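> Just one file: entry.pdb, with PDB, C-alpha atoms.
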```
ATOM      1  CA  MET D  25       0.000   0.000   0.000
ATOM      2  CA  LEU D  26       1.369   3.419  -0.838
ATOM      3  CA  ASP D  27       2.029   5.788   2.048
ATOM      4  CA  ASN D  28       0.225   8.798   0.571
ATOM      5  CA  PRO D  29      -2.066  10.373   3.194
ATOM      6  CA  THR D  30      -3.882  12.630   0.723
ATOM      7  CA  VAL D  31      -5.551  10.069  -1.550
ATOM      8  CA  PRO D  32      -9.077  11.307  -2.363
ATOM      9  CA  PRO D  33     -12.062   8.961  -1.944
ATOM     10  CA  ARG D  34     -12.460   6.383  -4.696
ATOM     11  CA  PRO D  35     -14.938   7.632  -7.306
ATOM     12  CA  THR D  36     -18.013   5.458  -7.795
ATOM     13  CA  PRO D  37     -18.778   4.478 -10.459
ATOM     14  CA  TRP D  38     -15.371   4.337 -12.124
ATOM     15  CA  PRO D  39     -15.242   5.781 -15.683
ATOM     16  CA  ALA D  40     -15.811   2.948 -18.139
ATOM     17  CA  GLY D  41     -13.290   4.219 -20.690
ATOM     18  CA  TYR D  42     -10.294   4.381 -18.366
ATOM     19  CA  PRO D  43      -7.357   1.965 -18.925
ATOM     20  CA  GLU D  44      -7.149  -1.414 -17.194
ATOM     21  CA  GLY D  45      -3.618  -0.913 -15.926
ATOM     22  CA  TYR D  46      -0.603   1.394 -15.870
ATOM     23  CA  ALA D  47       3.182   1.088 -15.943
ATOM     24  CA  VAL D  48       4.735   4.040 -14.118
ATOM     25  CA  VAL D  49       8.200   4.453 -15.592
ATOM     26  CA  ASP D  50      11.352   6.414 -14.899
ATOM     27  CA  VAL D  51      14.652   6.166 -16.764
ATOM     28  CA  GLU D  52      17.974   7.824 -15.974
ATOM     29  CA  THR D  53      20.162   8.525 -18.978
ATOM     30  CA  THR D  54      23.599   9.622 -20.151
ATOM     31  CA  GLY D  55      22.053  12.851 -21.440
ATOM     32  CA  LEU D  56      19.131  14.310 -23.337
ATOM     33  CA  GLY D  57      20.081  13.731 -26.978
ATOM     34  CA  ARG D  58      19.116  11.123 -29.543
ATOM     35  CA  ASP D  59      22.473   9.376 -29.172
ATOM     36  CA  ASP D  60      22.176   9.088 -25.392
ATOM     37  CA  ARG D  61      21.569   5.845 -23.567
ATOM     38  CA  ILE D  62      19.645   4.581 -20.558
ATOM     39  CA  VAL D  63      21.728   3.905 -17.420
ATOM     40  CA  SER D  64      18.868   2.707 -15.195
ATOM     41  CA  ALA D  65      15.161   1.966 -15.496
ATOM     42  CA  ALA D  66      12.328   1.346 -13.063
ATOM     43  CA  VAL D  67       8.675   0.361 -13.408
ATOM     44  CA  TYR D  68       5.814   0.358 -10.921
ATOM     45  CA  ARG D  69       2.854  -1.637 -12.199
ATOM     46  CA  LEU D  70      -0.520  -0.267 -11.106
ATOM     47  CA  ASP D  71      -4.019  -1.684 -11.503
ATOM     48  CA  ALA D  72      -6.960   0.193 -13.017
ATOM     49  CA  ARG D  73      -7.524   2.199  -9.809
ATOM     50  CA  GLY D  74      -3.860   3.105  -9.389
ATOM     51  CA  ASP D  75      -2.965   0.594  -6.656
ATOM     52  CA  VAL D  76       0.545  -0.871  -6.808
ATOM     53  CA  GLN D  77       0.881  -4.471  -7.946
ATOM     54  CA  ASP D  78       4.670  -4.772  -8.047
ATOM     55  CA  HIS D  79       7.835  -2.911  -9.008
ATOM     56  CA  TRP D  80      11.071  -3.586 -10.889
ATOM     57  CA  TYR D  81      14.445  -1.877 -11.242
ATOM     58  CA  SER D  82      17.701  -2.477 -13.069
ATOM     59  CA  PRO D  83      20.871  -0.529 -13.755
ATOM     60  CA  VAL D  84      21.919  -0.649 -17.423
ATOM     61  CA  ASN D  85      25.409  -0.593 -18.900
ATOM     62  CA  PRO D  86      25.233   2.157 -21.565
ATOM     63  CA  GLN D  87      28.514   1.057 -23.194
ATOM     64  CA  ARG D  88      29.743   4.632 -23.062
ATOM     65  CA  ASP D  89      30.399   7.536 -20.687
ATOM     66  CA  PRO D  90      27.547   7.535 -18.106
ATOM     67  CA  GLY D  91      27.145  11.300 -18.470
ATOM     68  CA  PRO D  92      25.960  13.470 -15.544
ATOM     69  CA  VAL D  93      27.056  11.271 -12.639
ATOM     70  CA  TRP D  94      26.389  14.185 -10.282
ATOM     71  CA  ILE D  95      22.699  13.836 -11.163
ATOM     72  CA  HIS D  96      21.992  10.100 -11.300
ATOM     73  CA  GLY D  97      24.955   8.907  -9.202
ATOM     74  CA  LEU D  98      25.852   5.992 -11.492
ATOM     75  CA  THR D  99      29.563   5.898 -12.300
ATOM     76  CA  ALA D 100      31.243   3.926 -15.058
ATOM     77  CA  ALA D 101      32.649   1.565 -12.411
ATOM     78  CA  ALA D 102      29.192   0.984 -10.906
ATOM     79  CA  LEU D 103      27.748   0.196 -14.348
ATOM     80  CA  ALA D 104      30.619  -1.955 -15.612
ATOM     81  CA  ASP D 105      28.957  -5.222 -14.562
ATOM     82  CA  ALA D 106      25.375  -4.079 -15.152
ATOM     83  CA  PRO D 107      23.353  -5.827 -17.883
ATOM     84  CA  LEU D 108      23.060  -4.299 -21.338
ATOM     85  CA  PHE D 109      19.655  -2.981 -22.336
ATOM     86  CA  ALA D 110      19.209  -5.918 -24.716
ATOM     87  CA  ASP D 111      19.663  -8.241 -21.725
ATOM     88  CA  VAL D 112      16.768  -6.694 -19.786
ATOM     89  CA  ALA D 113      14.558  -5.744 -22.742
ATOM     90  CA  ASP D 114      12.297  -8.807 -22.490
ATOM     91  CA  GLU D 115      11.931  -8.539 -18.715
ATOM     92  CA  LEU D 116      11.060  -4.856 -19.022
ATOM     93  CA  ALA D 117       8.650  -5.569 -21.867
ATOM     94  CA  GLU D 118       6.705  -7.996 -19.666
ATOM     95  CA  ARG D 119       6.045  -5.145 -17.237
ATOM     96  CA  LEU D 120       4.986  -2.709 -19.954
ATOM     97  CA  ALA D 121       2.776  -5.046 -21.976
ATOM     98  CA  GLY D 122      -0.904  -4.170 -22.105
ATOM     99  CA  ARG D 123      -0.522  -1.070 -19.944
ATOM    100  CA  VAL D 124      -0.484   2.684 -20.407
ATOM    101  CA  LEU D 125       3.030   4.038 -19.864
ATOM    102  CA  VAL D 126       2.943   6.818 -17.246
ATOM    103  CA  ALA D 127       5.887   9.186 -16.789
ATOM    104  CA  HIS D 128       6.717  12.745 -15.822
ATOM    105  CA  ASN D 129       7.486  14.369 -19.203
ATOM    106  CA  ALA D 130       6.423  11.098 -20.816
ATOM    107  CA  VAL D 131       7.600  11.982 -24.315
ATOM    108  CA  PHE D 132      11.202  11.888 -23.053
ATOM    109  CA  ASP D 133      10.976   8.535 -21.240
ATOM    110  CA  TRP D 134       9.071   6.994 -24.144
ATOM    111  CA  SER D 135      11.585   8.298 -26.701
ATOM    112  CA  MET D 136      14.540   6.889 -24.750
ATOM    113  CA  LEU D 137      12.849   3.502 -24.356
ATOM    114  CA  ALA D 138      11.769   3.395 -28.003
ATOM    115  CA  ARG D 139      15.316   4.109 -29.183
ATOM    116  CA  GLU D 140      16.803   1.450 -26.910
ATOM    117  CA  TYR D 141      14.324  -1.122 -28.179
ATOM    118  CA  ALA D 142      15.057  -0.077 -31.769
ATOM    119  CA  ARG D 143      18.785  -0.585 -31.165
ATOM    120  CA  ALA D 144      17.938  -4.047 -29.805
ATOM    121  CA  ARG D 145      15.974  -4.711 -33.033
ATOM    122  CA  SER D 146      12.743  -4.927 -31.055
ATOM    123  CA  ALA D 147       9.850  -2.705 -29.991
ATOM    124  CA  ALA D 148       8.363  -1.793 -26.631
ATOM    125  CA  PRO D 149       4.850  -3.314 -26.248
ATOM    126  CA  VAL D 150       3.302   0.075 -25.436
ATOM    127  CA  GLU D 151       0.400   1.589 -27.366
ATOM    128  CA  GLN D 152      -0.349   4.661 -25.242
ATOM    129  CA  ARG D 153       1.416   6.975 -22.814
ATOM    130  CA  LEU D 154       0.211   9.480 -20.236
ATOM    131  CA  CYS D 155       2.232  12.475 -19.070
ATOM    132  CA  THR D 156       1.659  13.468 -15.439
ATOM    133  CA  ILE D 157       2.639  17.053 -16.284
ATOM    134  CA  VAL D 158      -0.202  17.285 -18.795
ATOM    135  CA  LEU D 159      -2.584  15.551 -16.357
ATOM    136  CA  SER D 160      -1.740  18.001 -13.557
ATOM    137  CA  LYS D 161      -2.496  20.870 -15.940
ATOM    138  CA  GLU D 162      -5.820  19.306 -16.910
ATOM    139  CA  LEU D 163      -6.652  19.038 -13.192
ATOM    140  CA  ARG D 164      -5.476  22.638 -12.628
ATOM    141  CA  LEU D 165      -3.440  21.619  -9.601
ATOM    142  CA  PRO D 166      -2.041  24.661  -7.734
ATOM    143  CA  LEU D 167       1.657  23.946  -8.384
ATOM    144  CA  ALA D 168       4.476  26.510  -8.330
ATOM    145  CA  ASN D 169       5.999  24.669 -11.305
ATOM    146  CA  HIS D 170       5.688  21.282 -12.922
ATOM    147  CA  LYS D 171       8.725  19.568 -11.484
ATOM    148  CA  LEU D 172       8.212  16.154  -9.889
ATOM    149  CA  GLU D 173       9.271  17.549  -6.517
ATOM    150  CA  SER D 174       6.449  20.120  -6.653
ATOM    151  CA  LEU D 175       3.882  17.466  -7.518
ATOM    152  CA  ALA D 176       5.206  15.311  -4.666
ATOM    153  CA  ALA D 177       4.988  18.205  -2.203
ATOM    154  CA  HIS D 178       1.399  18.908  -3.271
ATOM    155  CA  TYR D 179       0.335  15.383  -2.329
ATOM    156  CA  GLY D 180       2.603  15.096   0.713
ATOM    157  CA  VAL D 181       4.807  12.408  -0.827
ATOM    158  CA  VAL D 182       8.347  12.216   0.569
ATOM    159  CA  GLN D 183      11.112  11.792  -1.989
ATOM    160  CA  ARG D 184      14.017   9.795  -0.597
ATOM    161  CA  ARG D 185      16.499   9.623  -3.491
ATOM    162  CA  ALA D 186      15.857  12.188  -6.214
ATOM    163  CA  HIS D 187      17.047  11.097  -9.689
ATOM    164  CA  HIS D 188      17.258   7.448  -8.643
ATOM    165  CA  ALA D 189      14.985   5.672 -11.128
ATOM    166  CA  LEU D 190      13.307   3.406  -8.571
ATOM    167  CA  ASP D 191      12.544   6.189  -6.093
ATOM    168  CA  ASP D 192      11.410   8.602  -8.807
ATOM    169  CA  ALA D 193       9.058   5.894 -10.115
ATOM    170  CA  ARG D 194       7.743   5.301  -6.579
ATOM    171  CA  VAL D 195       7.110   9.011  -6.051
ATOM    172  CA  LEU D 196       5.386   9.255  -9.406
ATOM    173  CA  ALA D 197       3.194   6.237  -8.615
ATOM    174  CA  GLU D 198       2.192   7.791  -5.291
ATOM    175  CA  THR D 199       1.295  11.094  -6.923
ATOM    176  CA  PHE D 200      -0.387   9.561  -9.969
ATOM    177  CA  ARG D 201      -2.952   7.628  -7.960
ATOM    178  CA  PRO D 202      -4.626  10.662  -6.331
ATOM    179  CA  SER D 203      -4.472  12.525  -9.643
ATOM    180  CA  LEU D 204      -6.145   9.553 -11.332
ATOM    181  CA  HIS D 205      -8.897   9.558  -8.705
ATOM    182  CA  LEU D 206      -9.450  13.299  -9.076
ATOM    183  CA  ALA D 207      -9.767  12.910 -12.843
ATOM    184  CA  ALA D 208     -12.163   9.981 -12.437
ATOM    185  CA  ALA D 209     -14.314  11.856  -9.914
ATOM    186  CA  ALA D 210     -14.588  14.834 -12.284
ATOM    187  CA  GLY D 211     -15.178  12.649 -15.336
ATOM    188  CA  ILE D 212     -12.149  14.146 -17.079
ATOM    189  CA  PRO D 213     -10.864  12.145 -20.079
ATOM    190  CA  LEU D 214      -7.268  11.090 -19.485
ATOM    191  CA  PRO D 215      -4.701  12.761 -21.821
ATOM    192  CA  LEU D 216      -3.571   9.586 -23.584
ATOM    193  CA  HIS D 217      -1.160   9.737 -26.528
ATOM    194  CA  ALA D 218      -0.297   7.086 -29.088
ATOM    195  CA  CYS D 219       3.164   5.514 -28.838
ATOM    196  CA  ARG D 220       4.655   4.703 -32.198
ATOM    197  CA  PRO D 221       7.725   2.434 -32.356
ATOM    198  CA  LEU D 222      10.789   3.854 -34.059
ATOM    199  CA  THR D 223      11.365   2.098 -37.350
ATOM    200  CA  GLU D 224      13.810   4.437 -39.107
ATOM    201  CA  TRP D 225      17.052   3.127 -37.650
ATOM    202  CA  VAL D 226      19.862   3.298 -40.186
ATOM    203  CA  ASP D 227      22.265   0.353 -40.251
ATOM    204  CA  SER D 228      25.388   2.473 -40.418
ATOM    205  CA  PRO D 229      28.164   3.075 -37.896
ATOM    206  CA  VAL D 230      27.085   5.604 -35.276
ATOM    207  CA  PRO D 231      29.924   7.685 -33.860
ATOM    208  CA  ALA D 232      30.161   7.644 -30.071
ATOM    209  CA  PRO D 233      28.872  10.908 -28.608
ATOM    210  CA  ARG D 234      31.519  13.120 -27.101
ATOM    211  CA  TYR D 235      30.965  14.603 -23.687
ATOM    212  CA  GLY D 236      30.111  18.265 -24.261
ATOM    213  CA  ARG D 237      29.296  21.465 -22.404
ATOM    214  CA  LEU D 238      25.645  20.473 -22.384
ATOM    215  CA  TYR D 239      25.619  16.783 -21.521
ATOM    216  CA  GLY D 240      24.012  14.780 -24.243
ATOM    217  CA  SER D 241      25.371  17.023 -26.979
ATOM    218  CA  GLY D 242      27.286  15.298 -29.718
ATOM    219  CA  PRO D 243      27.179  14.112 -33.317
ATOM    220  CA  ARG D 244      23.849  13.179 -34.839
ATOM    221  CA  SER D 245      23.152   9.478 -35.214
ATOM    222  CA  GLY D 246      21.351   7.450 -37.847
ATOM    223  CA  TRP D 247      17.949   8.528 -36.490
ATOM    224  CA  ARG D 248      15.916  10.422 -39.068
ATOM    225  CA  PRO D 249      12.856  12.592 -38.482
ATOM    226  CA  ALA D 250       9.620  10.777 -39.238
ATOM    227  CA  ARG D 251       8.157  13.566 -41.372
ATOM    228  CA  LYS D 252       9.452  16.239 -43.726
ATOM    229  CA  ARG D 253       7.441  19.346 -44.479
ATOM    230  CA  PRO D 254       7.701  21.680 -47.476
ATOM    231  CA  PRO D 255       9.618  24.888 -46.705
ATOM    232  CA  CYS D 256       7.620  27.764 -45.263
ATOM    233  CA  PRO D 257       6.971  30.324 -48.036
ATOM    234  CA  TYR D 258       7.131  33.342 -45.714
ATOM    235  CA  PRO D 259      10.177  35.149 -44.279
ATOM    236  CA  ASN D 260      10.831  34.921 -40.543
ATOM    237  CA  PRO D 261       9.464  38.141 -38.949
ATOM    238  CA  GLY D 262      11.356  37.544 -35.702
ATOM    239  CA  ARG D 263      10.361  36.557 -32.204
ATOM    240  CA  LEU D 264       6.914  36.547 -30.682
ATOM    241  CA  GLU D 265       6.427  39.776 -28.727
ATOM    242  CA  PRO D 266       4.959  39.628 -25.184
ATOM    243  CA  GLY D 267       1.200  39.888 -25.596
ATOM    244  CA  GLY D 268       1.647  39.990 -29.372
ATOM    245  CA  ALA D 269       0.196  37.932 -32.201
ATOM    246  CA  LEU D 270       1.625  35.127 -34.276
ATOM    247  CA  VAL D 271       2.809  36.246 -37.718
ATOM    248  CA  GLN D 272       3.162  34.026 -40.753
ATOM    249  CA  GLY D 273       6.744  32.893 -41.170
ATOM    250  CA  MET D 274       7.484  32.654 -37.446
ATOM    251  CA  ARG D 275       9.617  29.660 -36.506
ATOM    252  CA  VAL D 276       7.845  27.585 -33.848
ATOM    253  CA  ALA D 277       9.241  24.560 -32.049
ATOM    254  CA  PHE D 278       7.360  22.110 -29.818
ATOM    255  CA  SER D 279       8.652  20.225 -26.788
ATOM    256  CA  GLY D 280       7.089  17.642 -24.479
ATOM    257  CA  ASP D 281       3.643  16.104 -24.408
ATOM    258  CA  THR D 282       0.663  18.130 -25.570
ATOM    259  CA  GLY D 283      -3.071  17.767 -25.026
ATOM    260  CA  THR D 284      -3.555  17.735 -28.801
ATOM    261  CA  GLU D 285      -1.672  15.070 -30.730
ATOM    262  CA  ARG D 286       1.693  16.599 -31.678
ATOM    263  CA  GLU D 287       1.431  15.960 -35.427
ATOM    264  CA  LEU D 288      -2.032  17.534 -35.536
ATOM    265  CA  LEU D 289      -0.759  20.597 -33.660
ATOM    266  CA  GLU D 290       2.168  20.896 -36.073
ATOM    267  CA  ASP D 291      -0.168  20.538 -39.049
ATOM    268  CA  ARG D 292      -2.330  23.375 -37.739
ATOM    269  CA  ALA D 293       0.732  25.566 -37.287
ATOM    270  CA  ALA D 294       1.989  24.823 -40.798
ATOM    271  CA  ASP D 295      -1.464  25.406 -42.303
ATOM    272  CA  ALA D 296      -1.511  28.833 -40.614
ATOM    273  CA  GLY D 297       1.732  29.773 -42.366
ATOM    274  CA  LEU D 298       4.172  29.131 -39.524
ATOM    275  CA  HIS D 299       7.543  27.436 -39.922
ATOM    276  CA  VAL D 300       7.542  24.256 -37.808
ATOM    277  CA  ALA D 301      11.118  23.831 -36.575
ATOM    278  CA  SER D 302      12.596  20.566 -35.295
ATOM    279  CA  SER D 303      15.044  22.318 -32.966
ATOM    280  CA  VAL D 304      15.578  25.607 -31.134
ATOM    281  CA  SER D 305      18.124  28.139 -32.402
ATOM    282  CA  ARG D 306      18.672  31.878 -32.073
ATOM    283  CA  LEU D 307      16.243  32.315 -34.988
ATOM    284  CA  THR D 308      13.384  30.474 -33.277
ATOM    285  CA  SER D 309      10.393  32.761 -32.746
ATOM    286  CA  LEU D 310       8.841  30.776 -29.916
ATOM    287  CA  LEU D 311       8.830  27.431 -28.131
ATOM    288  CA  VAL D 312       5.526  25.773 -27.262
ATOM    289  CA  THR D 313       5.719  23.511 -24.197
ATOM    290  CA  ASN D 314       3.531  22.582 -21.260
ATOM    291  CA  ASP D 315       6.638  22.268 -19.094
ATOM    292  CA  PRO D 316       8.957  25.285 -19.438
ATOM    293  CA  ASP D 317      11.195  23.938 -16.647
ATOM    294  CA  SER D 318      11.816  20.697 -18.532
ATOM    295  CA  PRO D 319      15.438  19.497 -18.983
ATOM    296  CA  THR D 320      14.847  18.652 -22.657
ATOM    297  CA  SER D 321      17.371  20.072 -25.101
ATOM    298  CA  LYS D 322      14.785  22.419 -26.671
ATOM    299  CA  ALA D 323      13.763  23.903 -23.324
ATOM    300  CA  VAL D 324      17.401  24.251 -22.255
ATOM    301  CA  ARG D 325      18.290  26.087 -25.468
ATOM    302  CA  ALA D 326      15.205  28.303 -25.217
ATOM    303  CA  ARG D 327      16.309  29.425 -21.772
ATOM    304  CA  GLU D 328      19.855  29.927 -23.012
ATOM    305  CA  TYR D 329      18.796  32.027 -26.019
ATOM    306  CA  GLY D 330      15.962  33.872 -24.286
ATOM    307  CA  THR D 331      13.461  32.397 -26.742
ATOM    308  CA  PRO D 332       9.828  33.221 -25.870
ATOM    309  CA  VAL D 333       8.072  30.214 -24.316
ATOM    310  CA  ILE D 334       4.294  29.763 -24.192
ATOM    311  CA  GLY D 335       1.927  26.950 -23.250
ATOM    312  CA  GLU D 336      -0.191  24.885 -25.580
ATOM    313  CA  ARG D 337      -3.453  26.587 -24.632
ATOM    314  CA  GLU D 338      -2.086  30.065 -25.301
ATOM    315  CA  PHE D 339      -0.609  28.893 -28.593
ATOM    316  CA  THR D 340      -3.922  27.352 -29.643
ATOM    317  CA  GLU D 341      -5.687  30.654 -28.963
ATOM    318  CA  LEU D 342      -3.059  32.627 -30.891
ATOM    319  CA  LEU D 343      -3.454  30.259 -33.858
ATOM    320  CA  LYS D 344      -7.014  31.568 -34.283
ATOM    321  CA  ALA D 345      -5.719  34.975 -35.416
ATOM    322  CA  VAL D 346      -2.393  34.619 -37.205
ATOM    323  CA  VAL D 347      -1.297  37.888 -38.839
ATOM    324  CA  PRO D 348      -0.514  37.660 -42.600
ATOM    325  CA  ALA D 349       3.121  38.040 -43.598
ATOM    326  CA  ARG D 350       4.157  41.540 -44.638
ATOM    327  CA  ASP D 351       4.684  42.329 -48.335
ATOM    328  CA  VAL D 352       2.942  39.087 -49.260
ATOM    329  CA  HIS D 353      -0.740  39.816 -48.712
ATOM    330  CA  GLY D 354      -0.462  43.564 -48.990
TER     331      GLY D 354
END
```
Please express the file's structure as structure tokens.

Amino acid sequence: MLDNPTVPPRPTPWPAGYPEGYAVVDVETTGLGRDDRIVSAAVYRLDARGDVQDHWYSPVNPQRDPGPVWIHGLTAAALADAPLFADVADELAERLAGRVLVAHNAVFDWSMLAREYARARSAAPVEQRLCTIVLSKELRLPLANHKLESLAAHYGVVQRRAHHALDDARVLAETFRPSLHLAAAAGIPLPLHACRPLTEWVDSPVPAPRYGRLYGSGPRSGWRPARKRPPCPYPNPGRLEPGGALVQGMRVAFSGDTGTERELLEDRAADAGLHVASSVSRLTSLLVTNDPDSPTSKAVRAREYGTPVIGEREFTELLKAVVPARDVHG
């Protein structure tokens, strides 16, 4: 039984469309990039009402520099005798099968798992994911920010070893259950997103990433973007001004899970005449994310460059009145 004293009463009846089970996941990694590897993984399996059934943890030998040891605490020596991801892939898959993957900033954990399974010439048996950041926004929880520690404090959950995969997964399981009950009591549809396996792995030598100023930075691998869009026909008018409108030609990047399916949101942006960018640079007009404090590479670069950052809801509203590009429509 979880030791959360703030669990709300169980809603009756339970929403018929809710999932039958969940796999609460946390992975620690060598960095944030596409070439980075998992160094540890943990799963808490929950039933349909969010009660814990069991848990699992394993360190993973990444076969490279472990990255930010000061964050996850796993040194090269500690990981030397750990199993490779391919060695634990089947055992992990058994705990994911038939369940919704739940994580804090779920797009990151899912992406790391999907890439590891692709490297192992396999696929994670996950069809849907749920991001607890997006869920907390849907519930309008009064949080100072959307870090896991803030969510834990809200529900009175004590974190014992931050950035240890097993303890982070425990904390997330303890905070997810009351959030699940709140959503069920209010009849709120859960923000579920489809998980698509990565199939575009290129069978060519991948250079080992070099440890850089921002951990996880390094050469690009054989991963290719799933979609290519035609170039935006409008010039970049610059950054989004505070309180201002979107203008055709603005470069917009997206990061993290969104309430609307990411590809649909990107399609809407492109249809409105915006340039959908796959990364953040000094030319980026704005970053759309539901978690501005996220450690993802796009959010880190946005903070570094001073790129305007707005949430999905604000972006959706701004999309309703995009200003035509100058010298194009008169």
> Go ahead and fit an axis-aligned box to every listed atom of region 149-159 of chain D plus 5 Å each side, and pass me the centre and edge lengths in Å, one decimal, as AutoDock Vina command-line options.

```
--center_x 1.1 --center_y 7.0 --center_z -21.4 --size_x 17.4 --size_y 30.6 --size_z 21.9
```
> Would you write out, as a PyMOL selection string, every residue that the PyMOL selection byres ((chain D and resi 190-196) around 9) captures in this file?
chain D and resi 26+48-51+64-68+79-82+126-128+156+172-173+175-176+181-189+197-201
> Applied to this file, what does the PyMOL selection byres ((chain D and resi 91) around 9) return in terms of residues, put as a ChimeraX atom specification?
/D:53-55,60,88-90,92-96,98-99,235,239-240
> Report, in Å with one decimal, the straight-line distance from CA of Asp71 (chain D) to CA of Pro149 (chain D).
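These atoms are spaced 17.3 Å apart.
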> One number please: CA of Asn85 (chain D) to CA of Asp105 (chain D), in Å, one decimal.
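Pair CA of Asn85 (chain D) / CA of Asp105 (chain D) returns 7.3 Å.
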> Dump as a Markdown table the rows for residues of region 301-342 of chain D within 8 Å of region 265-285 of chain D: closest atom pair and distance in Å with one decimal, only C-alpha atoms counted, ordered by chain and rising residue number.

```
| residue | atom | partner | partner_atom | distance |
| --- | --- | --- | --- | --- |
| D:Ala301 | CA | D:Ala277 | CA | 5.0 |
| D:Ser302 | CA | D:Ala277 | CA | 6.1 |
| D:Ser303 | CA | D:Ala277 | CA | 6.3 |
| D:Val304 | CA | D:Ala277 | CA | 6.5 |
| D:Leu307 | CA | D:Arg275 | CA | 7.3 |
| D:Thr308 | CA | D:Arg275 | CA | 5.0 |
| D:Ser309 | CA | D:Arg275 | CA | 4.9 |
| D:Leu310 | CA | D:Val276 | CA | 5.2 |
| D:Leu311 | CA | D:Ala277 | CA | 4.9 |
| D:Val312 | CA | D:Phe278 | CA | 4.8 |
| D:Thr313 | CA | D:Ser279 | CA | 5.1 |
| D:Asn314 | CA | D:Thr282 | CA | 6.8 |
| D:Asp315 | CA | D:Gly280 | CA | 7.1 |
| D:Thr320 | CA | D:Ser279 | CA | 7.6 |
| D:Lys322 | CA | D:Ser279 | CA | 6.5 |
| D:Ala323 | CA | D:Ser279 | CA | 7.2 |
| D:Pro332 | CA | D:Glu265 | CA | 7.9 |
| D:Glu336 | CA | D:Thr282 | CA | 6.8 |
| D:Leu342 | CA | D:Leu270 | CA | 6.3 |
```
> Ranking D:Arg306, D:Lys344, D:His178, D:Arg164 by minimum distance to Arg263 (chain D) and counting all atoms listed in the file, which one comes first?
D:Arg306
> Care to translate the PyMOL selection byres ((chain D and resi 208) around 10) into actual residues of this file, as a list in words?
Arg34, Pro35, Thr36, Pro37, Trp38, Pro39, Ala40, Tyr42, Arg73, Pro202, Ser203, Leu204, His205, Leu206, Ala207, Ala209, Ala210, Gly211, Ile212, Pro213 and Leu214 of chain D
> Just the selected residues (C-alpha atoms), exported as a compact mmCIF listing (two decimals), keeping the file's coordinate frame, please.

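To be explicit, this is the file written out as part.txt:
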```txt
# COMPACT_ATOMS: atom_id res chain seq x y z
CA ARG D 34 -12.46 6.38 -4.70
CA PRO D 35 -14.94 7.63 -7.31
CA THR D 36 -18.01 5.46 -7.80
CA PRO D 37 -18.78 4.48 -10.46
CA TRP D 38 -15.37 4.34 -12.12
CA PRO D 39 -15.24 5.78 -15.68
CA ALA D 40 -15.81 2.95 -18.14
CA TYR D 42 -10.29 4.38 -18.37
CA ARG D 73 -7.52 2.20 -9.81
CA PRO D 202 -4.63 10.66 -6.33
CA SER D 203 -4.47 12.52 -9.64
CA LEU D 204 -6.14 9.55 -11.33
CA HIS D 205 -8.90 9.56 -8.70
CA LEU D 206 -9.45 13.30 -9.08
CA ALA D 207 -9.77 12.91 -12.84
CA ALA D 209 -14.31 11.86 -9.91
CA ALA D 210 -14.59 14.83 -12.28
CA GLY D 211 -15.18 12.65 -15.34
CA ILE D 212 -12.15 14.15 -17.08
CA PRO D 213 -10.86 12.14 -20.08
CA LEU D 214 -7.27 11.09 -19.48
```
> So, with only C-alpha atoms as the atoms that count, which of D:Pro254, D:Pro43, D:Gly335, D:Pro215 lies closest to Ala130 (chain D)?
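Using only C-alpha atoms, Ala130 (chain D) sits closest to D:Pro215.
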> For Gly122 (chain D), which of D:Arg153, D:Arg337, D:Arg350, D:His299 is the closest residue, counting only C-alpha atoms?
D:Arg153
> Mind pulling up the distance from CA of Ala168 (chain D) to CA of Leu264 (chain D)?
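Distance reported for this atom pair: 24.6 Å.
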> Taking all atoms listed in the file into account, which of D:Leu289, D:Leu154, D:Cys219, D:Ala104 comes nearest Ala138 (chain D)?
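Smallest distance to Ala138 (chain D) is found for D:Cys219.
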> Which residues are close to region 117-120 of chain D, i.e. within 8 Å by all atoms listed in the file, leaving aside same-chain residues fewer than 3 positions away? Reply as a ChimeraX atom specification.
/D:47,67,69,113-114,123-125,148-150
> Choose the residue, out of D:Arg325, D:Arg292, D:His170, D:Arg58, that has the smallest atom-to-atom separation from Cys155 (chain D); count only C-alpha atoms.
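For Cys155 (chain D), the nearest of the candidates is D:His170.
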> Can you put N, CA and C atoms back into region 337-343 of chain D and show it as a PDB file, keeping the file's coordinate frame?

```pdb
ATOM      1  N   ARG D 337      -2.152  25.905 -24.571  1.00  0.00           N
ATOM      2  CA  ARG D 337      -3.453  26.587 -24.632  1.00  0.00           C
ATOM      3  C   ARG D 337      -3.318  27.994 -25.218  1.00  0.00           C
ATOM      4  N   GLU D 338      -2.293  28.723 -24.769  1.00  0.00           N
ATOM      5  CA  GLU D 338      -2.086  30.065 -25.301  1.00  0.00           C
ATOM      6  C   GLU D 338      -1.770  30.008 -26.789  1.00  0.00           C
ATOM      7  N   PHE D 339      -0.957  29.030 -27.182  1.00  0.00           N
ATOM      8  CA  PHE D 339      -0.609  28.893 -28.593  1.00  0.00           C
ATOM      9  C   PHE D 339      -1.848  28.592 -29.432  1.00  0.00           C
ATOM     10  N   THR D 340      -2.699  27.712 -28.919  1.00  0.00           N
ATOM     11  CA  THR D 340      -3.922  27.352 -29.643  1.00  0.00           C
ATOM     12  C   THR D 340      -4.815  28.577 -29.851  1.00  0.00           C
ATOM     13  N   GLU D 341      -4.892  29.438 -28.835  1.00  0.00           N
ATOM     14  CA  GLU D 341      -5.687  30.654 -28.963  1.00  0.00           C
ATOM     15  C   GLU D 341      -5.065  31.602 -29.988  1.00  0.00           C
ATOM     16  N   LEU D 342      -3.736  31.737 -29.949  1.00  0.00           N
ATOM     17  CA  LEU D 342      -3.059  32.627 -30.891  1.00  0.00           C
ATOM     18  C   LEU D 342      -3.198  32.140 -32.333  1.00  0.00           C
ATOM     19  N   LEU D 343      -3.299  30.816 -32.511  1.00  0.00           N
ATOM     20  CA  LEU D 343      -3.454  30.259 -33.858  1.00  0.00           C
ATOM     21  C   LEU D 343      -4.747  30.727 -34.530  1.00  0.00           C
TER      22      LEU D 343
END
```
